[in-house]
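*Asks:* Take a look at this one; I'll ask things after.
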Amino acid sequence: MKRATFVTLLLFATTAFAGNPNPTQGRLFITPTAPVNGTSEVQTLTFGGTITGGSFILTFNNRQTGPIAWSSTNATLVSNIDSALEALSSIGAGGVTTAVGTMTAGIGTITVTFGGKNAKLDVATVSKNSTAMTGSGASLAVSVTTPGVTADGRNSSAGTLCVAQDTGHIYVNTGSSPNPAWTDKTP
């Protein structure tokens, strides 16, 4: 009897938040099914050909980087890309983690994992705006290797409750904004 009364009161209290999967205020909301924790998107930059120098420009959400110097030193190239992307207002400081994939001497892949304000979202694909790289067959391609999945309740603080309409299960956010971690707390 106590559990049924609690669930009824909880459902009544959450109706004000129904249909709002990203509440900025309030501590309760409803989703049609179990809330999704989300996945941060990973994109891969692939450098090909025999690159000897030069630069390239990337675009994300209609924001363009300055020229990014290509380097045959993997760590320098990773740092150049990371700094240029994080300088964009649509990404910001700490907004991406850039790492060597299958790269040797500046040729191969670099991964870009979105975090910060773009964590756990389906984000736009970075595009190559222009390239001034030199060398035989110098190329740059961008692909999505792990699609982003938008998390339910990304703006929810720790302790926010969510009720799944299909099951009536109660979930609590044990993470923090924008990285919720929904845990089923239904007895």
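Residue names in the structure tokens use chain letters A, B, ... in the order shown, residue numbers from 1 in each chain, and ligand numbers from 1 in the order shown.
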Fewer than 6 positions away in the same chain doesn't count, so skip those; otherwise give me all residues within 8 Å of region 33-46 of chain A, counting only C-alpha atoms, as a PyMOL selection string.

*Replies:* chain A and resi 107-115+118-123+125-126+139-153+162-167+169+171+179-182

*Asks:* List as a list in words the protein and nucleic acid residues near region 82-93 of chain A, meaning an atom at most 7 Å away when only C-alpha atoms are counted, but skip any in the same chain fewer than 2 places from it.

*Replies:*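 Skipping anything fewer than 2 positions along the chain leaves Asn61, Arg63, Thr65, Gly66, Ile68, Val78, Ser79, Asn80, Gly95, Val96 and Thr98 of chain A.
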
*Asks:* Go through region 35-157 of chain A and collect every residue that DSSP, computed from the backbone, puts in strand (DSSP E or B); the answer should be as a compact mmCIF listing (two decimals) with N, CA and C atoms, in the first residue's frame.

*Replies:*
# COMPACT_ATOMS: atom_id res chain seq x y z
N THR A 39 25.61 8.67 -25.33
CA THR A 39 26.95 8.30 -25.77
C THR A 39 27.61 9.54 -26.37
N VAL A 42 32.34 10.13 -31.28
CA VAL A 42 33.76 10.05 -31.65
C VAL A 42 33.84 10.18 -33.17
N GLN A 43 34.69 11.10 -33.63
CA GLN A 43 34.92 11.28 -35.06
C GLN A 43 36.40 11.01 -35.34
N THR A 44 36.68 10.53 -36.54
CA THR A 44 38.05 10.19 -36.92
C THR A 44 38.50 11.04 -38.09
N LEU A 45 39.67 11.65 -37.94
CA LEU A 45 40.31 12.39 -39.02
C LEU A 45 41.37 11.47 -39.60
N THR A 46 41.33 11.27 -40.92
CA THR A 46 42.28 10.39 -41.58
C THR A 46 43.15 11.19 -42.54
N PHE A 47 44.45 11.19 -42.27
CA PHE A 47 45.42 11.88 -43.12
C PHE A 47 46.04 10.83 -44.03
N GLY A 48 46.02 11.10 -45.34
CA GLY A 48 46.53 10.14 -46.30
C GLY A 48 47.51 10.75 -47.28
N GLY A 49 48.10 9.89 -48.08
CA GLY A 49 49.08 10.33 -49.07
C GLY A 49 50.45 10.47 -48.43
N THR A 50 51.30 11.23 -49.11
CA THR A 50 52.62 11.54 -48.58
C THR A 50 52.63 13.03 -48.29
N ILE A 51 52.32 13.39 -47.05
CA ILE A 51 52.23 14.80 -46.66
C ILE A 51 53.61 15.28 -46.23
N THR A 52 53.99 16.44 -46.73
CA THR A 52 55.30 17.00 -46.39
C THR A 52 55.19 18.30 -45.59
N GLY A 53 53.99 18.87 -45.47
CA GLY A 53 53.85 20.11 -44.72
C GLY A 53 52.52 20.76 -45.01
N SER A 55 49.01 23.21 -44.11
CA SER A 55 47.98 23.39 -43.08
C SER A 55 46.61 23.02 -43.63
N PHE A 56 45.63 23.00 -42.73
CA PHE A 56 44.24 22.70 -43.10
C PHE A 56 43.33 23.46 -42.16
N ILE A 57 42.07 23.62 -42.56
CA ILE A 57 41.07 24.33 -41.76
C ILE A 57 39.88 23.39 -41.56
N LEU A 58 39.37 23.34 -40.32
CA LEU A 58 38.21 22.51 -40.00
C LEU A 58 37.04 23.40 -39.63
N THR A 59 35.81 22.87 -39.81
CA THR A 59 34.59 23.59 -39.45
C THR A 59 33.73 22.69 -38.58
N PHE A 60 33.14 23.29 -37.53
CA PHE A 60 32.20 22.58 -36.67
C PHE A 60 31.08 23.54 -36.32
N ARG A 63 31.33 27.08 -37.40
CA ARG A 63 32.46 27.83 -36.85
C ARG A 63 33.72 27.24 -37.48
N GLN A 64 34.58 28.11 -37.93
CA GLN A 64 35.78 27.69 -38.66
C GLN A 64 37.03 27.93 -37.82
N ILE A 68 45.40 25.15 -39.32
CA ILE A 68 46.03 24.21 -38.38
C ILE A 68 47.26 23.65 -39.07
N ALA A 69 48.41 23.84 -38.45
CA ALA A 69 49.66 23.36 -39.05
C ALA A 69 49.74 21.84 -38.96
N VAL A 96 36.87 18.70 -26.29
CA VAL A 96 37.19 17.50 -27.08
C VAL A 96 38.44 16.85 -26.48
N THR A 97 38.53 15.55 -26.68
CA THR A 97 39.75 14.81 -26.36
C THR A 97 40.26 14.27 -27.68
N THR A 98 41.44 14.71 -28.05
CA THR A 98 42.02 14.33 -29.33
C THR A 98 43.17 13.36 -29.08
N ALA A 99 43.21 12.24 -29.82
CA ALA A 99 44.21 11.21 -29.56
C ALA A 99 44.66 10.55 -30.86
N VAL A 100 45.87 10.04 -30.84
CA VAL A 100 46.40 9.28 -31.98
C VAL A 100 45.63 7.98 -32.10
N THR A 104 51.25 7.18 -37.92
CA THR A 104 52.70 7.10 -37.93
C THR A 104 53.21 8.31 -38.68
N ILE A 107 50.70 10.54 -40.55
CA ILE A 107 49.86 9.90 -41.57
C ILE A 107 49.07 8.80 -40.86
N GLY A 108 47.75 8.77 -41.08
CA GLY A 108 46.90 7.79 -40.42
C GLY A 108 45.73 8.48 -39.76
N THR A 109 45.28 7.95 -38.61
CA THR A 109 44.06 8.48 -38.00
C THR A 109 44.30 9.14 -36.65
N ILE A 110 43.44 10.13 -36.40
CA ILE A 110 43.36 10.82 -35.11
C ILE A 110 41.89 10.78 -34.71
N THR A 111 41.61 10.44 -33.45
CA THR A 111 40.22 10.44 -32.98
C THR A 111 39.94 11.72 -32.19
N VAL A 112 38.71 12.19 -32.34
CA VAL A 112 38.23 13.37 -31.62
C VAL A 112 36.96 12.93 -30.88
N THR A 113 37.03 12.90 -29.54
CA THR A 113 35.89 12.52 -28.71
C THR A 113 35.31 13.78 -28.10
N PHE A 114 34.01 14.00 -28.30
CA PHE A 114 33.35 15.21 -27.83
C PHE A 114 32.98 15.08 -26.36
N SER A 127 33.93 19.15 -40.50
CA SER A 127 34.21 19.06 -41.94
C SER A 127 35.53 19.75 -42.26
N LYS A 128 36.14 19.27 -43.32
CA LYS A 128 37.37 19.88 -43.81
C LYS A 128 36.93 21.07 -44.66
N ASN A 129 37.28 22.26 -44.22
CA ASN A 129 36.89 23.46 -44.95
C ASN A 129 37.83 23.71 -46.12
N SER A 130 39.11 23.59 -45.86
CA SER A 130 40.11 23.72 -46.93
C SER A 130 41.38 23.05 -46.47
N THR A 131 42.21 22.75 -47.42
CA THR A 131 43.50 22.16 -47.09
C THR A 131 44.57 22.77 -47.98
N THR A 134 50.89 20.04 -48.34
CA THR A 134 51.76 19.76 -49.48
C THR A 134 52.17 18.29 -49.46
N GLY A 135 52.58 17.81 -50.62
CA GLY A 135 53.03 16.43 -50.73
C GLY A 135 52.21 15.70 -51.78
N SER A 136 52.64 14.50 -52.08
CA SER A 136 52.00 13.69 -53.11
C SER A 136 50.73 13.05 -52.57
N GLY A 137 49.58 13.42 -53.14
CA GLY A 137 48.29 12.84 -52.76
C GLY A 137 47.85 13.19 -51.34
N ALA A 138 48.33 14.32 -50.82
CA ALA A 138 47.97 14.73 -49.46
C ALA A 138 46.44 14.84 -49.33
N SER A 139 45.88 14.20 -48.32
CA SER A 139 44.42 14.22 -48.17
C SER A 139 44.02 14.20 -46.69
N LEU A 140 42.80 14.65 -46.46
CA LEU A 140 42.22 14.63 -45.13
C LEU A 140 40.74 14.28 -45.27
N ALA A 141 40.30 13.27 -44.53
CA ALA A 141 38.88 12.87 -44.54
C ALA A 141 38.40 12.80 -43.09
N VAL A 142 37.11 13.06 -42.89
CA VAL A 142 36.52 13.00 -41.55
C VAL A 142 35.34 12.03 -41.59
N SER A 143 35.25 11.17 -40.59
CA SER A 143 34.12 10.24 -40.51
C SER A 143 33.68 10.10 -39.05
N VAL A 144 32.43 9.71 -38.88
CA VAL A 144 31.89 9.44 -37.54
C VAL A 144 32.12 7.97 -37.26
N THR A 145 32.89 7.67 -36.20
CA THR A 145 33.17 6.28 -35.87
C THR A 145 32.30 5.77 -34.73
N THR A 146 31.88 6.65 -33.83
CA THR A 146 30.91 6.31 -32.79
C THR A 146 29.86 7.41 -32.78
N VAL A 149 24.73 9.71 -29.00
CA VAL A 149 23.35 9.45 -28.62
C VAL A 149 23.01 10.46 -27.52

*Asks:* Give me, please, the distance in Å between CA of Asn155 (chain A) and CA of Pro187 (chain A), quoted to one decimal.

*Replies:* 25.8 Å

*Asks:* Within 8 Å of Leu161 (chain A), counting only C-alpha atoms, which residues qualify if same-chain residues fewer than 3 places away don't, as a PDB file with N, CA, C and O atoms, in the first residue's frame?

*Replies:*
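See part-v4.pdb below for the written result:
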ATOM      1  N   ARG A  27      13.178  18.624 -10.077  1.00  0.00           N
ATOM      2  CA  ARG A  27      13.876  17.417  -9.704  1.00  0.00           C
ATOM      3  C   ARG A  27      13.179  16.154 -10.182  1.00  0.00           C
ATOM      4  O   ARG A  27      13.614  15.072  -9.881  1.00  0.00           O
ATOM      5  N   LEU A  28      12.059  16.286 -10.917  1.00  0.00           N
ATOM      6  CA  LEU A  28      11.312  15.130 -11.390  1.00  0.00           C
ATOM      7  C   LEU A  28      10.899  15.324 -12.836  1.00  0.00           C
ATOM      8  O   LEU A  28      10.554  16.432 -13.245  1.00  0.00           O
ATOM      9  N   PHE A  29      10.930  14.270 -13.625  1.00  0.00           N
ATOM     10  CA  PHE A  29      10.367  14.317 -14.963  1.00  0.00           C
ATOM     11  C   PHE A  29      10.018  12.928 -15.446  1.00  0.00           C
ATOM     12  O   PHE A  29      10.362  11.940 -14.811  1.00  0.00           O
ATOM     13  N   ILE A 170      11.264   3.894 -11.345  1.00  0.00           N
ATOM     14  CA  ILE A 170      11.813   5.157 -10.866  1.00  0.00           C
ATOM     15  C   ILE A 170      13.329   5.099 -11.014  1.00  0.00           C
ATOM     16  O   ILE A 170      13.976   4.152 -10.558  1.00  0.00           O
ATOM     17  N   TYR A 171      13.904   6.109 -11.671  1.00  0.00           N
ATOM     18  CA  TYR A 171      15.339   6.190 -11.882  1.00  0.00           C
ATOM     19  C   TYR A 171      15.869   7.436 -11.185  1.00  0.00           C
ATOM     20  O   TYR A 171      15.181   8.453 -11.109  1.00  0.00           O
ATOM     21  N   VAL A 172      17.091   7.366 -10.699  1.00  0.00           N
ATOM     22  CA  VAL A 172      17.737   8.533 -10.103  1.00  0.00           C
ATOM     23  C   VAL A 172      19.030   8.810 -10.878  1.00  0.00           C
ATOM     24  O   VAL A 172      19.733   7.883 -11.286  1.00  0.00           O
ATOM     25  N   ASN A 173      19.305  10.092 -11.080  1.00  0.00           N
ATOM     26  CA  ASN A 173      20.543  10.488 -11.750  1.00  0.00           C
ATOM     27  C   ASN A 173      21.666  10.474 -10.720  1.00  0.00           C
ATOM     28  O   ASN A 173      21.684  11.290  -9.798  1.00  0.00           O
TER      29      ASN A 173
END

*Asks:* From a backbone DSSP assignment, name each residue in chain A labelled helix (DSSP H, G or I), as an NGL selection string.

*Replies:* :A and (2-17 or 74-86 or 116-118)

*Asks:* Export, as an mmCIF file, in the first residue's frame, the selected residues with N, CA and C atoms.

*Replies:*
data_model
loop_
_atom_site.group_PDB
_atom_site.id
_atom_site.type_symbol
_atom_site.label_atom_id
_atom_site.label_comp_id
_atom_site.auth_asym_id
_atom_site.auth_seq_id
_atom_site.Cartn_x
_atom_site.Cartn_y
_atom_site.Cartn_z
ATOM 1 N N LYS A 2 1.939 1.276 0.802
ATOM 2 C CA LYS A 2 2.804 2.449 0.865
ATOM 3 C C LYS A 2 3.478 2.693 -0.483
ATOM 4 N N ARG A 3 3.984 1.633 -1.126
ATOM 5 C CA ARG A 3 4.660 1.786 -2.410
ATOM 6 C C ARG A 3 3.705 2.342 -3.465
ATOM 7 N N ALA A 4 2.495 1.824 -3.527
ATOM 8 C CA ALA A 4 1.515 2.287 -4.508
ATOM 9 C C ALA A 4 1.175 3.753 -4.272
ATOM 10 N N THR A 5 1.031 4.157 -3.026
ATOM 11 C CA THR A 5 0.734 5.559 -2.711
ATOM 12 C C THR A 5 1.901 6.444 -3.116
ATOM 13 N N PHE A 6 3.137 6.002 -2.827
ATOM 14 C CA PHE A 6 4.322 6.775 -3.186
ATOM 15 C C PHE A 6 4.415 6.955 -4.697
ATOM 16 N N VAL A 7 4.250 5.863 -5.459
ATOM 17 C CA VAL A 7 4.317 5.939 -6.916
ATOM 18 C C VAL A 7 3.213 6.848 -7.447
ATOM 19 N N THR A 8 1.991 6.749 -6.906
ATOM 20 C CA THR A 8 0.897 7.614 -7.346
ATOM 21 C C THR A 8 1.235 9.075 -7.085
ATOM 22 N N LEU A 9 1.736 9.386 -5.895
ATOM 23 C CA LEU A 9 2.127 10.764 -5.582
ATOM 24 C C LEU A 9 3.270 11.219 -6.467
ATOM 25 N N LEU A 10 4.245 10.351 -6.682
ATOM 26 C CA LEU A 10 5.371 10.685 -7.535
ATOM 27 C C LEU A 10 4.918 10.975 -8.951
ATOM 28 N N LEU A 11 4.057 10.147 -9.498
ATOM 29 C CA LEU A 11 3.551 10.369 -10.843
ATOM 30 C C LEU A 11 2.756 11.667 -10.919
ATOM 31 N N PHE A 12 1.930 11.959 -9.903
ATOM 32 C CA PHE A 12 1.181 13.206 -9.880
ATOM 33 C C PHE A 12 2.134 14.390 -9.835
ATOM 34 N N ALA A 13 3.192 14.319 -9.039
ATOM 35 C CA ALA A 13 4.133 15.421 -8.901
ATOM 36 C C ALA A 13 4.947 15.647 -10.167
ATOM 37 N N THR A 14 5.159 14.607 -10.965
ATOM 38 C CA THR A 14 6.001 14.747 -12.150
ATOM 39 C C THR A 14 5.244 15.201 -13.383
ATOM 40 N N THR A 15 3.937 15.259 -13.344
ATOM 41 C CA THR A 15 3.204 15.622 -14.554
ATOM 42 C C THR A 15 3.561 17.005 -15.058
ATOM 43 N N ALA A 16 4.003 17.879 -14.193
ATOM 44 C CA ALA A 16 4.399 19.224 -14.628
ATOM 45 C C ALA A 16 5.632 19.175 -15.515
ATOM 46 N N PHE A 17 6.381 18.090 -15.444
ATOM 47 C CA PHE A 17 7.607 17.986 -16.211
ATOM 48 C C PHE A 17 7.500 17.006 -17.374
ATOM 49 N N ASN A 74 53.468 13.175 -34.287
ATOM 50 C CA ASN A 74 52.078 12.854 -33.914
ATOM 51 C C ASN A 74 51.558 13.715 -32.764
ATOM 52 N N ALA A 75 52.331 13.831 -31.692
ATOM 53 C CA ALA A 75 51.874 14.591 -30.524
ATOM 54 C C ALA A 75 51.641 16.061 -30.871
ATOM 55 N N THR A 76 52.467 16.618 -31.729
ATOM 56 C CA THR A 76 52.305 18.017 -32.131
ATOM 57 C C THR A 76 51.045 18.183 -32.968
ATOM 58 N N LEU A 77 50.802 17.266 -33.890
ATOM 59 C CA LEU A 77 49.605 17.333 -34.733
ATOM 60 C C LEU A 77 48.342 17.191 -33.877
ATOM 61 N N VAL A 78 48.345 16.257 -32.940
ATOM 62 C CA VAL A 78 47.209 16.082 -32.030
ATOM 63 C C VAL A 78 46.970 17.370 -31.244
ATOM 64 N N SER A 79 48.022 17.947 -30.701
ATOM 65 C CA SER A 79 47.909 19.184 -29.923
ATOM 66 C C SER A 79 47.386 20.335 -30.780
ATOM 67 N N ASN A 80 47.868 20.446 -32.017
ATOM 68 C CA ASN A 80 47.420 21.514 -32.931
ATOM 69 C C ASN A 80 45.921 21.402 -33.208
ATOM 70 N N ILE A 81 45.452 20.182 -33.456
ATOM 71 C CA ILE A 81 44.026 19.955 -33.748
ATOM 72 C C ILE A 81 43.192 20.235 -32.501
ATOM 73 N N ASP A 82 43.619 19.700 -31.361
ATOM 74 C CA ASP A 82 42.885 19.889 -30.113
ATOM 75 C C ASP A 82 42.756 21.384 -29.775
ATOM 76 N N SER A 83 43.839 22.108 -29.860
ATOM 77 C CA SER A 83 43.821 23.544 -29.546
ATOM 78 C C SER A 83 42.917 24.318 -30.493
ATOM 79 N N ALA A 84 42.980 24.003 -31.777
ATOM 80 C CA ALA A 84 42.163 24.724 -32.765
ATOM 81 C C ALA A 84 40.677 24.451 -32.562
ATOM 82 N N LEU A 85 40.310 23.192 -32.311
ATOM 83 C CA LEU A 85 38.897 22.873 -32.101
ATOM 84 C C LEU A 85 38.379 23.489 -30.802
ATOM 85 N N GLU A 86 39.168 23.423 -29.723
ATOM 86 C CA GLU A 86 38.724 23.976 -28.446
ATOM 87 C C GLU A 86 38.660 25.500 -28.456
ATOM 88 N N GLY A 116 32.500 18.006 -22.649
ATOM 89 C CA GLY A 116 32.044 19.344 -22.262
ATOM 90 C C GLY A 116 30.589 19.560 -22.622
ATOM 91 N N LYS A 117 30.278 20.720 -23.202
ATOM 92 C CA LYS A 117 28.889 21.023 -23.550
ATOM 93 C C LYS A 117 28.352 20.163 -24.681
ATOM 94 N N ASN A 118 29.221 19.408 -25.367
ATOM 95 C CA ASN A 118 28.790 18.513 -26.438
ATOM 96 C C ASN A 118 28.831 17.041 -26.032
#

*Asks:* Excluding Ser177 (chain A) and residues on its chain fewer than 6 positions from it, collect all residues at most 8 Å away from it, counting only C-alpha atoms, and give them as a list of chain:residue names.

*Replies:*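 Those residues are A:Arg154, A:Asn155, A:Ser156, A:Ser157, A:Ala158.
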
*Asks:* Please save all heavy atoms of the selected residues as a PDB file, in the first residue's frame.

*Replies:*
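Generated file (result_20.pdb):
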ATOM      1  N   ARG A 154      20.026  15.606 -19.840  1.00  0.00           N
ATOM      2  CA  ARG A 154      21.428  16.073 -19.828  1.00  0.00           C
ATOM      3  C   ARG A 154      21.659  17.203 -18.836  1.00  0.00           C
ATOM      4  O   ARG A 154      22.741  17.345 -18.293  1.00  0.00           O
ATOM      5  CB  ARG A 154      21.835  16.564 -21.220  1.00  0.00           C
ATOM      6  CG  ARG A 154      22.112  15.474 -22.198  1.00  0.00           C
ATOM      7  CD  ARG A 154      22.656  16.029 -23.512  1.00  0.00           C
ATOM      8  NE  ARG A 154      24.018  16.490 -23.350  1.00  0.00           N
ATOM      9  CZ  ARG A 154      24.399  17.773 -23.416  1.00  0.00           C
ATOM     10  NH1 ARG A 154      23.540  18.731 -23.636  1.00  0.00           N
ATOM     11  NH2 ARG A 154      25.657  18.097 -23.252  1.00  0.00           N
ATOM     12  N   ASN A 155      20.664  18.052 -18.621  1.00  0.00           N
ATOM     13  CA  ASN A 155      20.830  19.203 -17.728  1.00  0.00           C
ATOM     14  C   ASN A 155      20.422  18.901 -16.292  1.00  0.00           C
ATOM     15  O   ASN A 155      20.337  19.803 -15.469  1.00  0.00           O
ATOM     16  CB  ASN A 155      20.020  20.396 -18.251  1.00  0.00           C
ATOM     17  CG  ASN A 155      20.531  20.852 -19.592  1.00  0.00           C
ATOM     18  OD1 ASN A 155      21.714  20.799 -19.863  1.00  0.00           O
ATOM     19  ND2 ASN A 155      19.638  21.282 -20.462  1.00  0.00           N
ATOM     20  N   SER A 156      20.182  17.642 -15.992  1.00  0.00           N
ATOM     21  CA  SER A 156      19.724  17.256 -14.659  1.00  0.00           C
ATOM     22  C   SER A 156      20.885  17.177 -13.683  1.00  0.00           C
ATOM     23  O   SER A 156      21.936  16.638 -13.998  1.00  0.00           O
ATOM     24  CB  SER A 156      19.044  15.886 -14.700  1.00  0.00           C
ATOM     25  OG  SER A 156      17.908  15.918 -15.513  1.00  0.00           O
ATOM     26  N   SER A 157      20.642  17.663 -12.487  1.00  0.00           N
ATOM     27  CA  SER A 157      21.648  17.549 -11.436  1.00  0.00           C
ATOM     28  C   SER A 157      21.556  16.164 -10.803  1.00  0.00           C
ATOM     29  O   SER A 157      20.562  15.442 -10.972  1.00  0.00           O
ATOM     30  CB  SER A 157      21.431  18.633 -10.393  1.00  0.00           C
ATOM     31  OG  SER A 157      20.141  18.516  -9.836  1.00  0.00           O
ATOM     32  N   ALA A 158      22.579  15.809 -10.061  1.00  0.00           N
ATOM     33  CA  ALA A 158      22.568  14.538  -9.338  1.00  0.00           C
ATOM     34  C   ALA A 158      21.369  14.524  -8.393  1.00  0.00           C
ATOM     35  O   ALA A 158      21.045  15.529  -7.777  1.00  0.00           O
ATOM     36  CB  ALA A 158      23.859  14.365  -8.559  1.00  0.00           C
TER      37      ALA A 158
END

*Asks:* Find the distance between CA of Gly106 (chain A) and CA of Trp70 (chain A) and write it in Å to one decimal.

*Replies:*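 Between CA of Gly106 (chain A) and CA of Trp70 (chain A) the gap is 7.5 Å.
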